[in-house]
>>> print(open('target.csv').read())   # CSV, C-alpha atoms
chain,number,residue,atom,x,y,z
D,1,MET,CA,177.8,22.1,-56.6
D,2,THR,CA,179.4,20.9,-53.4
D,3,ASN,CA,178.2,21.8,-49.9
D,4,LYS,CA,181.4,23.7,-49.4
D,5,THR,CA,180.8,25.8,-52.5
D,6,LYS,CA,177.2,26.5,-51.4
D,7,SER,CA,178.3,27.6,-48.0
D,8,SER,CA,180.9,29.9,-49.5
D,9,TRP,CA,178.1,31.8,-51.3
D,10,GLN,CA,175.6,31.7,-48.6
D,11,ASP,CA,176.1,35.3,-47.5
D,12,LEU,CA,175.8,36.7,-51.1
D,13,PRO,CA,172.0,37.4,-50.9
D,14,LEU,CA,172.5,39.4,-47.7
D,15,ARG,CA,175.4,41.3,-49.3
D,16,ILE,CA,173.3,42.2,-52.3
D,17,ALA,CA,170.3,43.2,-50.3
D,18,SER,CA,172.4,45.5,-48.1
D,19,ALA,CA,174.1,47.0,-51.2
D,20,LEU,CA,170.7,47.7,-52.7
D,21,VAL,CA,169.8,49.8,-49.7
D,22,ILE,CA,173.1,51.5,-49.0
D,23,ILE,CA,174.2,52.4,-52.5
D,24,PRO,CA,171.1,54.5,-53.6
D,25,ILE,CA,171.1,56.4,-50.3
D,26,ALA,CA,174.8,57.1,-50.5
D,27,LEU,CA,174.6,58.1,-54.2
D,28,PHE,CA,171.7,60.5,-53.5
D,29,CYS,CA,173.7,62.2,-50.7
D,30,ILE,CA,176.9,62.4,-52.8
D,31,ILE,CA,175.1,63.8,-55.9
D,32,TYR,CA,173.0,66.4,-54.1
D,33,GLY,CA,175.9,67.3,-51.7
D,34,GLY,CA,175.2,70.1,-49.2
D,35,TRP,CA,173.7,69.1,-46.0
D,36,PHE,CA,172.7,65.7,-47.4
D,37,PHE,CA,176.4,64.8,-47.8
D,38,ILE,CA,177.3,66.3,-44.4
D,39,PHE,CA,174.5,64.4,-42.7
D,40,LEU,CA,175.7,61.1,-44.3
D,41,LEU,CA,179.3,61.8,-43.4
D,42,THR,CA,178.4,62.7,-39.8
D,43,LEU,CA,176.1,59.7,-39.2
D,44,THR,CA,178.7,57.3,-40.7
D,45,SER,CA,181.6,58.9,-38.7
D,46,VAL,CA,179.7,58.6,-35.4
D,47,ALA,CA,178.8,55.0,-36.1
D,48,MET,CA,182.4,54.1,-36.9
D,49,THR,CA,183.7,55.9,-33.9
D,50,LEU,CA,181.2,54.1,-31.7
D,51,GLU,CA,182.3,50.7,-33.1
D,52,TRP,CA,185.9,51.6,-32.7
D,53,ALA,CA,185.4,52.3,-29.0
D,54,ASN,CA,183.5,49.0,-28.7
D,55,LEU,CA,186.3,47.1,-30.3
D,56,PHE,CA,188.6,48.1,-27.5
D,57,LYS,CA,185.8,47.5,-24.9
D,58,VAL,CA,185.9,51.1,-23.7
D,59,LYS,CA,183.1,52.1,-21.4
D,60,LEU,CA,180.8,54.6,-23.1
D,61,SER,CA,179.8,56.1,-19.8
D,62,ASN,CA,183.2,57.7,-19.5
D,63,TYR,CA,183.0,61.4,-20.4
D,64,ARG,CA,186.2,61.2,-22.3
D,65,VAL,CA,184.7,58.6,-24.6
D,66,CYS,CA,181.6,60.7,-25.1
D,67,ALA,CA,183.8,63.5,-26.2
D,68,PHE,CA,185.7,61.1,-28.5
D,69,LEU,CA,182.4,60.2,-30.2
D,70,ILE,CA,181.8,63.7,-31.4
D,71,TRP,CA,185.5,64.6,-32.0
D,72,PRO,CA,185.5,64.1,-35.8
D,73,LEU,CA,182.5,66.4,-36.0
D,74,ILE,CA,184.5,69.2,-34.5
D,75,ALA,CA,187.1,68.7,-37.2
D,76,TYR,CA,184.4,68.8,-39.9
D,77,ALA,CA,183.0,72.1,-38.5
D,78,ALA,CA,186.5,73.6,-38.7
D,79,ALA,CA,186.9,72.4,-42.3
D,80,MET,CA,183.5,73.9,-43.2
D,81,ASN,CA,184.9,77.3,-42.0
D,82,GLY,CA,188.0,76.9,-44.2
D,83,MET,CA,190.2,76.0,-41.2
D,84,TRP,CA,191.8,72.9,-42.9
D,85,TRP,CA,195.1,72.9,-41.0
D,86,GLU,CA,193.2,73.3,-37.7
D,87,ALA,CA,190.9,70.4,-38.7
D,88,ILE,CA,193.9,68.2,-39.4
D,89,LEU,CA,195.4,69.0,-36.0
D,90,ILE,CA,192.0,68.2,-34.4
D,91,VAL,CA,192.0,64.7,-35.8
D,92,GLY,CA,195.7,64.1,-35.8
D,93,TRP,CA,197.2,65.6,-32.7
D,94,ALA,CA,194.6,66.7,-30.1
D,95,PRO,CA,193.1,63.2,-29.7
D,96,PHE,CA,196.2,62.1,-27.8
D,97,VAL,CA,194.3,63.2,-24.7
D,98,PHE,CA,192.0,60.1,-25.3
D,99,GLY,CA,194.9,57.7,-25.1
D,100,PRO,CA,196.8,55.8,-27.9
D,101,ARG,CA,194.0,53.4,-28.9
D,102,LEU,CA,191.3,56.1,-29.3
D,103,TRP,CA,193.8,58.4,-30.9
D,104,MET,CA,194.4,55.9,-33.7
D,105,GLY,CA,190.7,55.8,-34.3
D,106,SER,CA,190.4,59.5,-34.5
D,107,VAL,CA,193.2,59.7,-37.0
D,108,ILE,CA,191.7,57.0,-39.3
D,109,ILE,CA,188.0,57.9,-39.0
D,110,GLY,CA,188.4,61.7,-38.8
D,111,GLY,CA,191.0,61.7,-41.4
D,112,SER,CA,188.9,59.8,-43.9
D,113,GLY,CA,185.9,62.1,-43.2
D,114,LEU,CA,188.0,65.2,-43.8
D,115,SER,CA,189.3,63.6,-47.0
D,116,LEU,CA,185.8,62.9,-48.3
D,117,PHE,CA,184.9,66.5,-47.4
D,118,TRP,CA,187.8,67.8,-49.4
D,119,LEU,CA,187.2,65.5,-52.4
D,120,ARG,CA,183.5,66.4,-52.6
D,121,PHE,CA,183.8,70.2,-52.3
D,122,MET,CA,187.4,71.2,-53.1
D,123,THR,CA,188.2,69.2,-56.3
D,124,HIS,CA,187.4,70.1,-59.8
D,125,PHE,CA,184.9,67.3,-60.5
D,126,GLU,CA,183.4,67.5,-57.0
D,127,MET,CA,180.8,64.7,-56.7
D,128,TRP,CA,182.4,62.7,-59.5
D,129,THR,CA,185.6,62.4,-57.5
D,130,VAL,CA,183.8,60.8,-54.6
D,131,ILE,CA,181.7,58.6,-57.0
D,132,PHE,CA,185.0,57.5,-58.6
D,133,ILE,CA,186.6,56.3,-55.3
D,134,VAL,CA,183.4,54.7,-54.1
D,135,ALA,CA,183.0,52.9,-57.5
D,136,VAL,CA,186.6,51.7,-57.4
D,137,VAL,CA,186.3,50.4,-53.9
D,138,ILE,CA,183.0,48.6,-54.7
D,139,ALA,CA,184.5,47.1,-57.9
D,140,SER,CA,187.6,46.0,-56.0
D,141,ASP,CA,185.6,44.3,-53.3
D,142,SER,CA,183.0,42.8,-55.6
D,143,PHE,CA,185.4,41.4,-58.2
D,144,ALA,CA,187.7,40.1,-55.4
D,145,TYR,CA,184.7,38.3,-53.8
D,146,ILE,CA,183.5,36.8,-57.0
D,147,THR,CA,186.8,35.7,-58.4
D,148,GLY,CA,188.0,34.5,-55.0
D,149,LYS,CA,184.9,32.3,-54.5
D,150,THR,CA,185.0,31.1,-58.1
D,151,PHE,CA,188.6,30.2,-58.6
D,152,GLY,CA,189.9,29.8,-55.0
D,153,GLY,CA,193.6,28.9,-54.9
D,154,PRO,CA,196.4,30.0,-52.6
D,155,LYS,CA,195.5,32.2,-49.7
D,156,LEU,CA,196.7,35.8,-49.7
D,157,ILE,CA,197.7,36.2,-46.0
D,158,PRO,CA,196.0,33.3,-44.1
D,159,SER,CA,197.2,34.5,-40.8
D,160,VAL,CA,195.4,37.8,-41.2
D,161,SER,CA,192.3,36.9,-43.3
D,162,PRO,CA,191.9,33.2,-44.1
D,163,GLY,CA,189.2,33.8,-46.7
D,164,LYS,CA,191.2,36.0,-49.0
D,165,THR,CA,193.0,34.5,-52.0
D,166,TRP,CA,195.5,35.6,-54.6
D,167,SER,CA,192.9,35.0,-57.3
D,168,GLY,CA,190.5,37.3,-55.5
D,169,ALA,CA,193.2,40.0,-55.0
D,170,ILE,CA,194.1,40.0,-58.7
D,171,GLY,CA,190.4,39.9,-59.7
D,172,GLY,CA,189.8,42.9,-57.5
D,173,LEU,CA,192.6,44.9,-59.1
D,174,VAL,CA,191.4,44.1,-62.6
D,175,GLY,CA,187.8,45.1,-61.7
D,176,ALA,CA,189.0,48.3,-60.0
D,177,GLY,CA,191.1,49.2,-63.1
D,178,CYS,CA,188.2,48.6,-65.6
D,179,VAL,CA,185.6,50.5,-63.6
D,180,GLY,CA,187.9,53.4,-62.6
D,181,GLY,CA,189.4,53.7,-66.0
D,182,GLY,CA,185.9,53.9,-67.6
D,183,ILE,CA,184.9,56.7,-65.2
D,184,VAL,CA,188.0,58.8,-65.8
D,185,GLY,CA,187.9,58.2,-69.6
D,186,TYR,CA,184.2,59.3,-69.6
D,187,LEU,CA,184.9,62.5,-67.6
D,188,CYS,CA,187.9,63.4,-69.8
D,189,GLY,CA,185.9,63.2,-73.1
D,190,GLY,CA,186.6,59.6,-74.0
D,191,LEU,CA,190.4,60.0,-74.4
D,192,TYR,CA,192.1,56.6,-74.5
D,193,THR,CA,195.0,58.0,-72.6
D,194,ALA,CA,192.7,59.1,-69.8
D,195,PHE,CA,191.2,55.6,-69.7
D,196,ILE,CA,194.7,54.1,-69.4
D,197,GLY,CA,195.8,56.6,-66.8
D,198,GLY,CA,192.6,56.2,-64.9
D,199,ALA,CA,192.9,52.4,-65.0
D,200,LEU,CA,196.4,52.4,-63.7
D,201,PHE,CA,195.6,54.9,-60.9
D,202,SER,CA,192.5,52.8,-60.1
D,203,MET,CA,194.6,49.7,-59.7
D,204,VAL,CA,196.9,51.5,-57.4
D,205,THR,CA,193.8,52.7,-55.5
D,206,GLY,CA,192.6,49.1,-55.5
D,207,VAL,CA,195.8,48.0,-53.8
D,208,VAL,CA,195.2,50.6,-51.1
D,209,ALA,CA,191.7,49.4,-50.7
D,210,GLN,CA,192.9,45.8,-50.1
D,211,ILE,CA,195.5,46.9,-47.7
D,212,GLY,CA,192.8,48.8,-45.7
D,213,ASP,CA,190.7,45.7,-45.6
D,214,LEU,CA,193.6,43.5,-44.5
D,215,LEU,CA,194.6,46.0,-41.8
D,216,GLU,CA,191.1,46.0,-40.3
D,217,SER,CA,191.1,42.2,-40.4
D,218,LYS,CA,194.4,42.1,-38.6
D,219,LEU,CA,193.1,44.4,-35.9
D,220,LYS,CA,190.0,42.4,-35.4
D,221,ARG,CA,192.0,39.2,-35.2
D,222,GLU,CA,194.3,40.6,-32.6
D,223,LEU,CA,191.3,41.8,-30.6
D,224,GLY,CA,189.6,38.4,-30.9
D,225,VAL,CA,186.4,39.7,-32.7
D,226,LYS,CA,184.8,38.6,-36.0
D,227,ASP,CA,183.0,41.8,-36.9
D,228,SER,CA,183.1,45.4,-35.7
D,229,GLY,CA,179.3,45.4,-35.4
D,230,LYS,CA,176.2,43.8,-36.7
D,231,ILE,CA,174.3,46.8,-38.1
D,232,ILE,CA,174.7,45.8,-41.8
D,233,PRO,CA,173.5,42.3,-42.7
D,234,GLY,CA,176.1,40.3,-44.6
D,235,HIS,CA,178.9,42.7,-43.8
D,236,GLY,CA,178.9,43.2,-40.1
D,237,GLY,CA,179.5,46.7,-38.8
D,238,VAL,CA,180.0,50.1,-40.5
D,239,LEU,CA,183.8,49.7,-40.1
D,240,ASP,CA,183.6,46.3,-41.8
D,241,ARG,CA,181.8,47.8,-44.8
D,242,PHE,CA,183.9,51.0,-45.1
D,243,ASP,CA,187.4,49.9,-44.0
D,244,ALA,CA,188.7,50.0,-47.6
D,245,LEU,CA,187.0,53.4,-48.3
D,246,ILE,CA,188.6,54.9,-45.2
D,247,PHE,CA,192.1,54.3,-46.5
D,248,VAL,CA,191.3,55.0,-50.1
D,249,SER,CA,189.7,58.4,-49.3
D,250,ILE,CA,192.8,59.5,-47.4
D,251,PHE,CA,195.1,58.3,-50.1
D,252,VAL,CA,193.2,60.0,-52.9
D,253,ALA,CA,192.8,63.2,-51.0
D,254,VAL,CA,196.6,63.4,-50.4
D,255,VAL,CA,197.2,62.7,-54.1
D,256,SER,CA,194.8,65.5,-55.1
D,257,CYS,CA,196.7,67.9,-52.8
D,258,VAL,CA,200.1,67.2,-54.3
D,259,LEU,CA,199.2,66.4,-57.9
D,260,PRO,CA,200.4,69.1,-60.3
D,261,SER,CA,197.8,70.5,-62.7
D,262,ASP,CA,198.8,70.9,-66.3
D,263,ASP,CA,197.5,70.1,-69.8
D,264,LYS,CA,199.8,67.1,-70.3
D,265,LEU,CA,198.6,65.5,-67.0
D,266,SER,CA,195.0,66.2,-67.9
D,267,LYS,CA,195.3,64.0,-71.0
D,268,TRP,CA,196.0,61.1,-68.7
D,269,GLY,CA,193.1,61.7,-66.5
D,270,GLY,CA,194.8,63.9,-63.9
D,271,GLU,CA,192.1,66.5,-64.2
D,272,LEU,CA,189.8,64.3,-62.0
D,273,LEU,CA,191.9,65.1,-59.0
D,274,SER,CA,192.7,68.7,-59.8
D,275,THR,CA,192.1,71.0,-56.8
D,276,LYS,CA,189.7,73.9,-57.5
D,277,GLN,CA,191.6,77.1,-58.5
D,278,VAL,CA,190.3,79.6,-56.0
D,279,GLU,CA,191.9,82.5,-54.2
D,280,THR,CA,191.3,80.9,-50.8
D,281,ALA,CA,190.4,77.3,-50.5
D,282,GLN,CA,187.8,78.0,-47.8
D,283,LEU,CA,184.3,76.9,-47.2
D,284,GLN,CA,181.9,78.9,-45.1
D,285,PHE,CA,179.5,77.4,-42.5
D,286,ILE,CA,176.5,79.0,-44.3
D,287,PRO,CA,174.3,76.8,-46.5
D,288,LEU,CA,173.8,79.4,-49.2
D,289,THR,CA,177.5,80.0,-49.7
D,290,LEU,CA,178.8,76.6,-48.9
D,291,PHE,CA,176.8,74.8,-51.6
D,292,LYS,CA,175.9,75.9,-55.1
>>> encode(input="target.csv", output="structure tokens")
Amino acid sequence: MTNKTKSSWQDLPLRIASALVIIPIALFCIIYGGWFFIFLLTLTSVAMTLEWANLFKVKLSNYRVCAFLIWPLIAYAAAMNGMWWEAILIVGWAPFVFGPRLWMGSVIIGGSGLSLFWLRFMTHFEMWTVIFIVAVVIASDSFAYITGKTFGGPKLIPSVSPGKTWSGAIGGLVGAGCVGGGIVGYLCGGLYTAFIGGALFSMVTGVVAQIGDLLESKLKRELGVKDSGKIIPGHGGVLDRFDALIFVSIFVAVVSCVLPSDDKLSKWGGELLSTKQVETAQLQFIPLTLFK
């Protein structure tokens, strides 16, 4: 093994160690839901918002920035009271008062938080829907990393991310399709059509994940920084770790809202993203009624 090959794998132990800590905690919060999930979502959102402000070298002593740090939480509180449209306005329109740079952060970070909130509590499979997108993102990232380091080859977009290759991108899509298809097929009773539909949708989701990763890489390159932070060994900051999940959660949440629900579609795994059939799609800010 050459020195170049060795150096290309040198961050793998740190990546694995970080994953062994993060994944069990996240899985516990996703499965048990309730305040565990809200706490995880809140903590992650504040951390990403703080990193976003630091990327643009905004002084945290500014009262506007302090308000910006808790802005996504206001939207989450609105969603918990069933005020979904108001929550969307809070993260999409109101943050203009913070300026265009912070506004963009509010849309991306707050929008992904609301999307995860929606997917966990307002879709038919609840926790499995979130587990699905997390698994697809992890599979896409892991398979892209392994195949890219193993096979190398032409760079994907060297001006944006010099380390990413076409072999890695293809490997990531294959991994996402296999893992996502397996989950959807299992949830839909082992139907082969559900596996096929789930695999195809997972590959599309994998494309979104890679686009999210590339967009964050482009932003960091334009700002002249390598990582958004240093809190996660082997990965950098919270934004570095969850950049793909941010875009995937928004994408999947939008699909779940516009996806028709019928028997034919369910045979192809569409049931995974079906929205709950309730008279009013509202949550109440009361533990005993918000969570079963």
>>> atom_distance(input="target.csv", atom1="atom CA of Gly163 of chain D", atom2="atom CA of Ser112 of chain D")
26.2 Å
>>> residues_near_point(input="target.csv", point="(192.9, 52.6, -60.1)", cutoff="12 Å", atoms="all atoms listed in the file", output="count of residues only")
42
>>> closest_residue(input="target.csv", among="D:Ile131, D:Lys267, D:Asp213, D:Gly171", to="Leu119 of chain D", atoms="all atoms listed in the file")
D:Ile131
>>> residues_around(input="target.csv", residues="Leu265 of chain D", least_positions_apart="6", cutoff="12 Å", atoms="all atoms listed in the file", output="PyMOL selection string")
chain D and resi 188+193-194+197-198+259+271-274
>>> residues_around(input="target.csv", residues="Met127 of chain D", least_positions_apart="3", cutoff="10 Å", atoms="all atoms listed in the file", output="list in words")
Leu27, Cys29, Ile30, Ile31, Tyr32, Gly33, Phe37, Leu116, Leu119, Arg120, Phe121, Met122, Thr123, His124, Val130, Ile131 and Phe132 of chain D
>>> residues_around(input="target.csv", residues="Asp240 of chain D", least_positions_apart="6", cutoff="8 Å", atoms="only C-alpha atoms", output="PyMOL selection string")
chain D and resi 216+227-229
>>> closest_atom_pairs(input="target.csv", of="segment 84-199 of chain D", to="segment 59-79 of chain D", cutoff="9 Å", atoms="all atoms listed in the file", output="Markdown table")
| residue | atom | partner | partner_atom | distance |
| --- | --- | --- | --- | --- |
| D:Trp84 | CA | D:Ala79 | CA | 5.0 |
| D:Trp85 | CA | D:Ala79 | CA | 8.3 |
| D:Glu86 | CA | D:Ala78 | CA | 6.8 |
| D:Ala87 | CA | D:Ala75 | CA | 4.4 |
| D:Ile88 | CA | D:Ala75 | CA | 7.2 |
| D:Leu89 | CA | D:Ala75 | CA | 8.4 |
| D:Ile90 | CA | D:Ala75 | CA | 5.7 |
| D:Val91 | CA | D:Ala75 | CA | 6.5 |
| D:Pro95 | CA | D:Phe68 | CA | 7.8 |
| D:Val97 | CA | D:Arg64 | CA | 8.7 |
| D:Phe98 | CA | D:Arg64 | CA | 6.6 |
| D:Leu102 | CA | D:Phe68 | CA | 7.5 |
| D:Trp103 | CA | D:Phe68 | CA | 8.9 |
| D:Ser106 | CA | D:Pro72 | CA | 6.8 |
| D:Val107 | CA | D:Pro72 | CA | 8.9 |
| D:Ile109 | CA | D:Pro72 | CA | 7.4 |
| D:Gly110 | CA | D:Pro72 | CA | 4.8 |
| D:Gly111 | CA | D:Pro72 | CA | 8.2 |
| D:Gly113 | CA | D:Tyr76 | CA | 7.6 |
| D:Leu114 | CA | D:Tyr76 | CA | 6.4 |
| D:Phe117 | CA | D:Tyr76 | CA | 7.9 |
| D:Trp118 | CA | D:Ala79 | CA | 8.5 |
>>> atom_distance(input="target.csv", atom1="atom CA of Leu187 of chain D", atom2="atom CA of Phe125 of chain D")
8.6 Å
>>> closest_residue(input="target.csv", among="D:Ser142, D:Phe36, D:Glu126, D:Phe56", to="Arg101 of chain D", atoms="only C-alpha atoms")
D:Phe56
>>> atom_distance(input="target.csv", atom1="atom CA of Leu223 of chain D", atom2="atom CA of Trp93 of chain D")
24.6 Å
>>> closest_residue(input="target.csv", among="D:Pro24, D:Gly34, D:Gly99, D:Gly224", to="Val58 of chain D", atoms="only C-alpha atoms")
D:Gly99
>>> closest_residue(input="target.csv", among="D:Met80, D:Ala169, D:Ala47, D:Ala53", to="Gly148 of chain D", atoms="all atoms listed in the file")
D:Ala169
>>> residues_near_point(input="target.csv", point="(192.3, 41.0, -47.6)", cutoff="7 Å", atoms="all atoms listed in the file", output="tab-separated table (two decimals) with C-alpha atoms, in the frame of the given file")
chain	number	residue	atom	x	y	z
D	161	SER	CA	192.30	36.90	-43.30
D	164	LYS	CA	191.20	36.00	-49.00
D	210	GLN	CA	192.90	45.80	-50.10
D	211	ILE	CA	195.50	46.90	-47.70
D	213	ASP	CA	190.70	45.70	-45.60
D	214	LEU	CA	193.60	43.50	-44.50
>>> residues_around(input="target.csv", residues="Lys226 of chain D", least_positions_apart="6", cutoff="9 Å", atoms="only C-alpha atoms", output="PDB file with C-alpha atoms, in the coordinates of the input")
ATOM      1  CA  SER D 217     191.100  42.200 -40.400  1.00  0.00           C
ATOM      2  CA  LYS D 220     190.000  42.400 -35.400  1.00  0.00           C
ATOM      3  CA  GLY D 236     178.900  43.200 -40.100  1.00  0.00           C
TER       4      GLY D 236
END
>>> closest_residue(input="target.csv", among="D:Gly168, D:Ser115, D:Ser266, D:Ser159", to="Ser249 of chain D", atoms="only C-alpha atoms")
D:Ser115
>>> closest_residue(input="target.csv", among="D:Trp268, D:Ala244, D:Met104, D:Phe151", to="Thr49 of chain D", atoms="all atoms listed in the file")
D:Met104
>>> residues_around(input="target.csv", residues="Thr150 of chain D", least_positions_apart="4", cutoff="9 Å", atoms="all atoms listed in the file", output="list of chain:residue names")
D:Thr5, D:Tyr145, D:Ile146, D:Ser167, D:Gly168
